[in-house]
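**Q** So that we are looking at the same thing, I have put the structure below in structure tokens.
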Amino acid sequence: GKSKLLGQSDGVFSLNSVSHDHRRIVVVENKGDANNDLYSVDLAKPTAKKLLTAHTGDVLYDASFTDDGRSLLLTSDEKGEFRALFMLDLASGNKKVEHEEPWDVEWSADSRTGKYRMTSSNVDGAPNLSIVEVKTGKPLALPAAPTGLAWDGMDSTRSGSWLLGFSKSERYLGVVARGDTSPAVPYVIDLKQGKATAVSDTLPPTLRDHAMITATSVRIPAPDAKPIPAFLYAPAG
């Protein structure tokens with residue numbers, strides 16, 4: 001087949017998200033390290049952009065389309081220090097809080113069928129992946145990650161971050177185990193059997209017999225009385 005040019009960035013805009021039916025996209029206008037705006041673009045009229053995130057001050061947004069394409073799962077730090085998850089209705093522009101906690105909500109995304117919704121938060125420096133059934137809100141049980149590691153639904157490459165997601169049957173889930181005791185390790189989780197299988201061993205052979213230390217989360221007192229979060233690495237014993 002032939003490729004077709006749908007739009008061209010002037011260097012300020014970049015692609016953020018694509019709807020599951022490939023009819024709409026969200027582009028991001030980068031205004032600095034702590035400030036951006038999101039726009040909706042109908043690919044039938046790719047030169048027209050609809051601003052979705054009018055705001056004042058510095059606010060960072062990120063988004064993904066819900067399965068039906070009618071709403072965005074929007075993360076934003078507009079409420080304060082931590083990023084919360086909002087549901088933004090694209091037709092009305094109405095926005096409501098979907099999930100918030102005293103940590104950053106990093107991202108949220110629906111599975112291809114719309115049955116499951118994945119949400120990941122940065123809890124004290126480690127990813128915390130939760131998955132629920134969209135209709136019932138029932139959490140999906142995952143097997144425990146290896147000691148010192150935590151499940152992450154995103155994998156990062158030189159081209160950016162990518163959602164691994166579910167197989168077509170939704171029996172299998174791709175994840176990455178991240179933590180202190182190993183480089184990121186890709187896994188496939190069999191949700192029917194509740195079993196996680198590593199796809200590869202990312203440690204070099206010379207390190208596989210060495211015990212790796214897991215960091216302890218600590219708080220260091222500061223002159224202004226605000227504790228500074230840090231990781232403490234100490235030898236075993």
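Every chain in the structure tokens has a letter given in the order shown (A, B, ...), and although residue numbers restart at 1 in each chain, ligands are simply numbered from 1 in the order shown.
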So that I can check the surroundings of Pro146 (chain A), please list as a PyMOL selection string every protein, DNA and RNA residue that reaches within 10 Å of it, counting only C-alpha atoms and ignoring chain neighbours fewer than 6 positions away.
**A** chain A and resi 177-179+181+196
**Q** Identify, on the basis of only C-alpha atoms, every residue whose closest approach to Gly7 (chain A) does not exceed 10 Å; exclude the query and any residue fewer than 2 positions from it along the same chain; express the result as a list in words.
**A**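 The residues that qualify are Lys4, Leu5, Ser9, Asp10, Val41, Leu43, Lys45, Pro46 and Thr47 of chain A.
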**Q** Let me see the file: selected residues, N, CA and C atoms, as a PDB file, in the first residue's frame.
**A**
ATOM      1  N   LYS A   4       0.277   7.990   3.200  1.00  0.00           N
ATOM      2  CA  LYS A   4      -0.372   9.264   2.932  1.00  0.00           C
ATOM      3  C   LYS A   4       0.000  10.254   4.022  1.00  0.00           C
ATOM      4  N   LEU A   5       0.461  11.424   3.628  1.00  0.00           N
ATOM      5  CA  LEU A   5       0.813  12.460   4.584  1.00  0.00           C
ATOM      6  C   LEU A   5      -0.458  13.084   5.152  1.00  0.00           C
ATOM      7  N   SER A   9       4.389  18.659  11.324  1.00  0.00           N
ATOM      8  CA  SER A   9       4.649  19.473  12.502  1.00  0.00           C
ATOM      9  C   SER A   9       5.644  20.583  12.184  1.00  0.00           C
ATOM     10  N   ASP A  10       5.443  21.713  12.858  1.00  0.00           N
ATOM     11  CA  ASP A  10       6.385  22.816  12.686  1.00  0.00           C
ATOM     12  C   ASP A  10       7.484  22.791  13.742  1.00  0.00           C
ATOM     13  N   VAL A  41      -7.469  16.301  16.884  1.00  0.00           N
ATOM     14  CA  VAL A  41      -7.448  16.481  15.440  1.00  0.00           C
ATOM     15  C   VAL A  41      -8.260  15.367  14.791  1.00  0.00           C
ATOM     16  N   LEU A  43      -8.877  13.343  11.652  1.00  0.00           N
ATOM     17  CA  LEU A  43      -8.016  13.071  10.497  1.00  0.00           C
ATOM     18  C   LEU A  43      -8.712  13.328   9.163  1.00  0.00           C
ATOM     19  N   LYS A  45     -10.098  16.133   8.700  1.00  0.00           N
ATOM     20  CA  LYS A  45      -9.744  17.547   8.540  1.00  0.00           C
ATOM     21  C   LYS A  45      -8.467  17.811   9.336  1.00  0.00           C
ATOM     22  N   PRO A  46      -7.340  17.290   8.885  1.00  0.00           N
ATOM     23  CA  PRO A  46      -6.107  17.284   9.686  1.00  0.00           C
ATOM     24  C   PRO A  46      -5.509  18.657   9.969  1.00  0.00           C
ATOM     25  N   THR A  47      -5.936  19.705   9.270  1.00  0.00           N
ATOM     26  CA  THR A  47      -5.363  21.031   9.526  1.00  0.00           C
ATOM     27  C   THR A  47      -6.083  21.763  10.651  1.00  0.00           C
TER      28      THR A  47
END
**Q** Give me, please, the distance in Å between CA of Ser217 (chain A) and CA of Ala230 (chain A), quoted to one decimal.
**A**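 Here the two named atoms are 6.0 Å from each other.
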**Q** Can you pull out the residues contacting Leu90 (chain A)? Cut-off 8 Å, using only C-alpha atoms, and skip same-chain residues under 5 positions away; I want them as a count of residues only.
**A** 3
**Q** Need the shell around Asn36 (chain A): protein/DNA/RNA residues with any atom at most 10 Å away, counting only C-alpha atoms. Skip same-chain ones fewer than 4 positions apart. Format as JSON, numbers by chain?
**A** {"A": [13, 28, 29, 30, 31, 32, 53, 54, 55, 58, 59, 60, 61, 62]}
**Q** Tell me, which residues of region 26-151 of chain A carry DSSP strand (DSSP E or B), written as a PyMOL selection string?
**A** chain A and resi 26-32+35-42+50-51+61-65+71-76+84-89+95-99+101+103-110+116-123+126-133+139+149-151
**Q** For Glu106 (chain A), which of A:Gly80, A:Pro127, A:Gly69, A:Pro139 is the closest residue, counting only C-alpha atoms?
**A**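 Comparing A:Gly80, A:Pro127, A:Gly69, A:Pro139 against Glu106 (chain A), the winner is A:Pro127.
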**Q** For Pro186 (chain A), list every protein, DNA or RNA residue within 12 Å, evaluated using only C-alpha atoms, and leave out those in the same chain fewer than 5 positions away; present the list as a list in words.
**A**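 Result of the neighbour search: Ala145, Pro146, Leu149, Ala150, Trp151, Asp152, Gly153, Met154, Asp155, Ser156, Leu164, Leu173, Gly174, Val175, Val176, Ala177, Arg178, Ala196, Thr197, Ala198, Val199, Ser200, Asp201 and Thr202 of chain A.
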**Q** Would you list the contacts of Phe82 (chain A) as number ranges by chain, taking every protein, DNA or RNA residue within 6 Å and counting only C-alpha atoms, but skipping same-chain residues closer than 5 positions in sequence?
**A** A: 77, 103-104
**Q** Could you jot down the CA of Tyr39 (chain A) to CA of Glu81 (chain A) separation for me, Å, one decimal place?
**A**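 We find that CA of Tyr39 (chain A) and CA of Glu81 (chain A) lie 23.6 Å from each other.
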**Q** Taking only C-alpha atoms into account, name the residue in A:Ala215, A:Leu207, A:Ala236, A:Ala44 that is nearest to Asp124 (chain A).
**A**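 Using only C-alpha atoms, the shortest distance to Asp124 (chain A) belongs to A:Ala215.
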**Q** When distances are computed from only C-alpha atoms, which of A:Gly93, A:Gly125, A:Leu15, A:Pro102 shows the smallest separation from Lys79 (chain A)?
**A** A:Pro102
**Q** Have a look at A:Leu142, A:Ala126, A:Ala109, A:Val218 and name the one nearest to Gln193 (chain A); count only C-alpha atoms.
**A**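 Selected residue with least distance to Gln193 (chain A): A:Leu142.
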**Q** Counting only C-alpha atoms, figure out which residue out of A:Asp110, A:Gln8, A:Phe231, A:Gly57 gets nearest to Asn35 (chain A).
**A**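 Checking each of A:Asp110, A:Gln8, A:Phe231, A:Gly57 against Asn35 (chain A), counting only C-alpha atoms, the winner is A:Gly57.
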**Q** I'd like to know which of A:Lys192, A:Arg83, A:Arg219, A:Lys138 is closest to Lys115 (chain A), using only C-alpha atoms.
**A**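 Checking each candidate against Lys115 (chain A), we get A:Lys138 as the closest.
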**Q** What is the distance, in Å and to one decimal place, between CA of Leu73 (chain A) and CA of Val26 (chain A)?
**A**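 It comes out at 11.6 Å.
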**Q** Report as a list in words all protein, DNA and RNA residues lying within 9 Å of Pro143 (chain A), evaluated on only C-alpha atoms, omitting residues in the same chain fewer than 4 positions from it.
**A** Ile189, Leu191, Gly194, Lys195 and Ala196 of chain A
**Q** Go ahead and save the residues from that selection, with N, CA and C atoms, as a PDB file, in the first residue's frame.
**A**
ATOM      1  N   ILE A 189       2.334 -12.641  31.111  1.00  0.00           N
ATOM      2  CA  ILE A 189       1.511 -13.175  32.187  1.00  0.00           C
ATOM      3  C   ILE A 189       0.344 -13.940  31.584  1.00  0.00           C
ATOM      4  N   LEU A 191      -3.031 -14.966  32.309  1.00  0.00           N
ATOM      5  CA  LEU A 191      -4.033 -14.561  33.290  1.00  0.00           C
ATOM      6  C   LEU A 191      -4.939 -15.715  33.702  1.00  0.00           C
ATOM      7  N   GLY A 194      -2.557 -17.615  36.032  1.00  0.00           N
ATOM      8  CA  GLY A 194      -1.943 -16.774  37.055  1.00  0.00           C
ATOM      9  C   GLY A 194      -0.446 -16.950  37.138  1.00  0.00           C
ATOM     10  N   LYS A 195       0.186 -17.129  35.967  1.00  0.00           N
ATOM     11  CA  LYS A 195       1.616 -17.421  35.918  1.00  0.00           C
ATOM     12  C   LYS A 195       2.339 -16.409  35.051  1.00  0.00           C
ATOM     13  N   ALA A 196       3.490 -15.928  35.536  1.00  0.00           N
ATOM     14  CA  ALA A 196       4.321 -14.985  34.793  1.00  0.00           C
ATOM     15  C   ALA A 196       5.583 -15.691  34.307  1.00  0.00           C
TER      16      ALA A 196
END
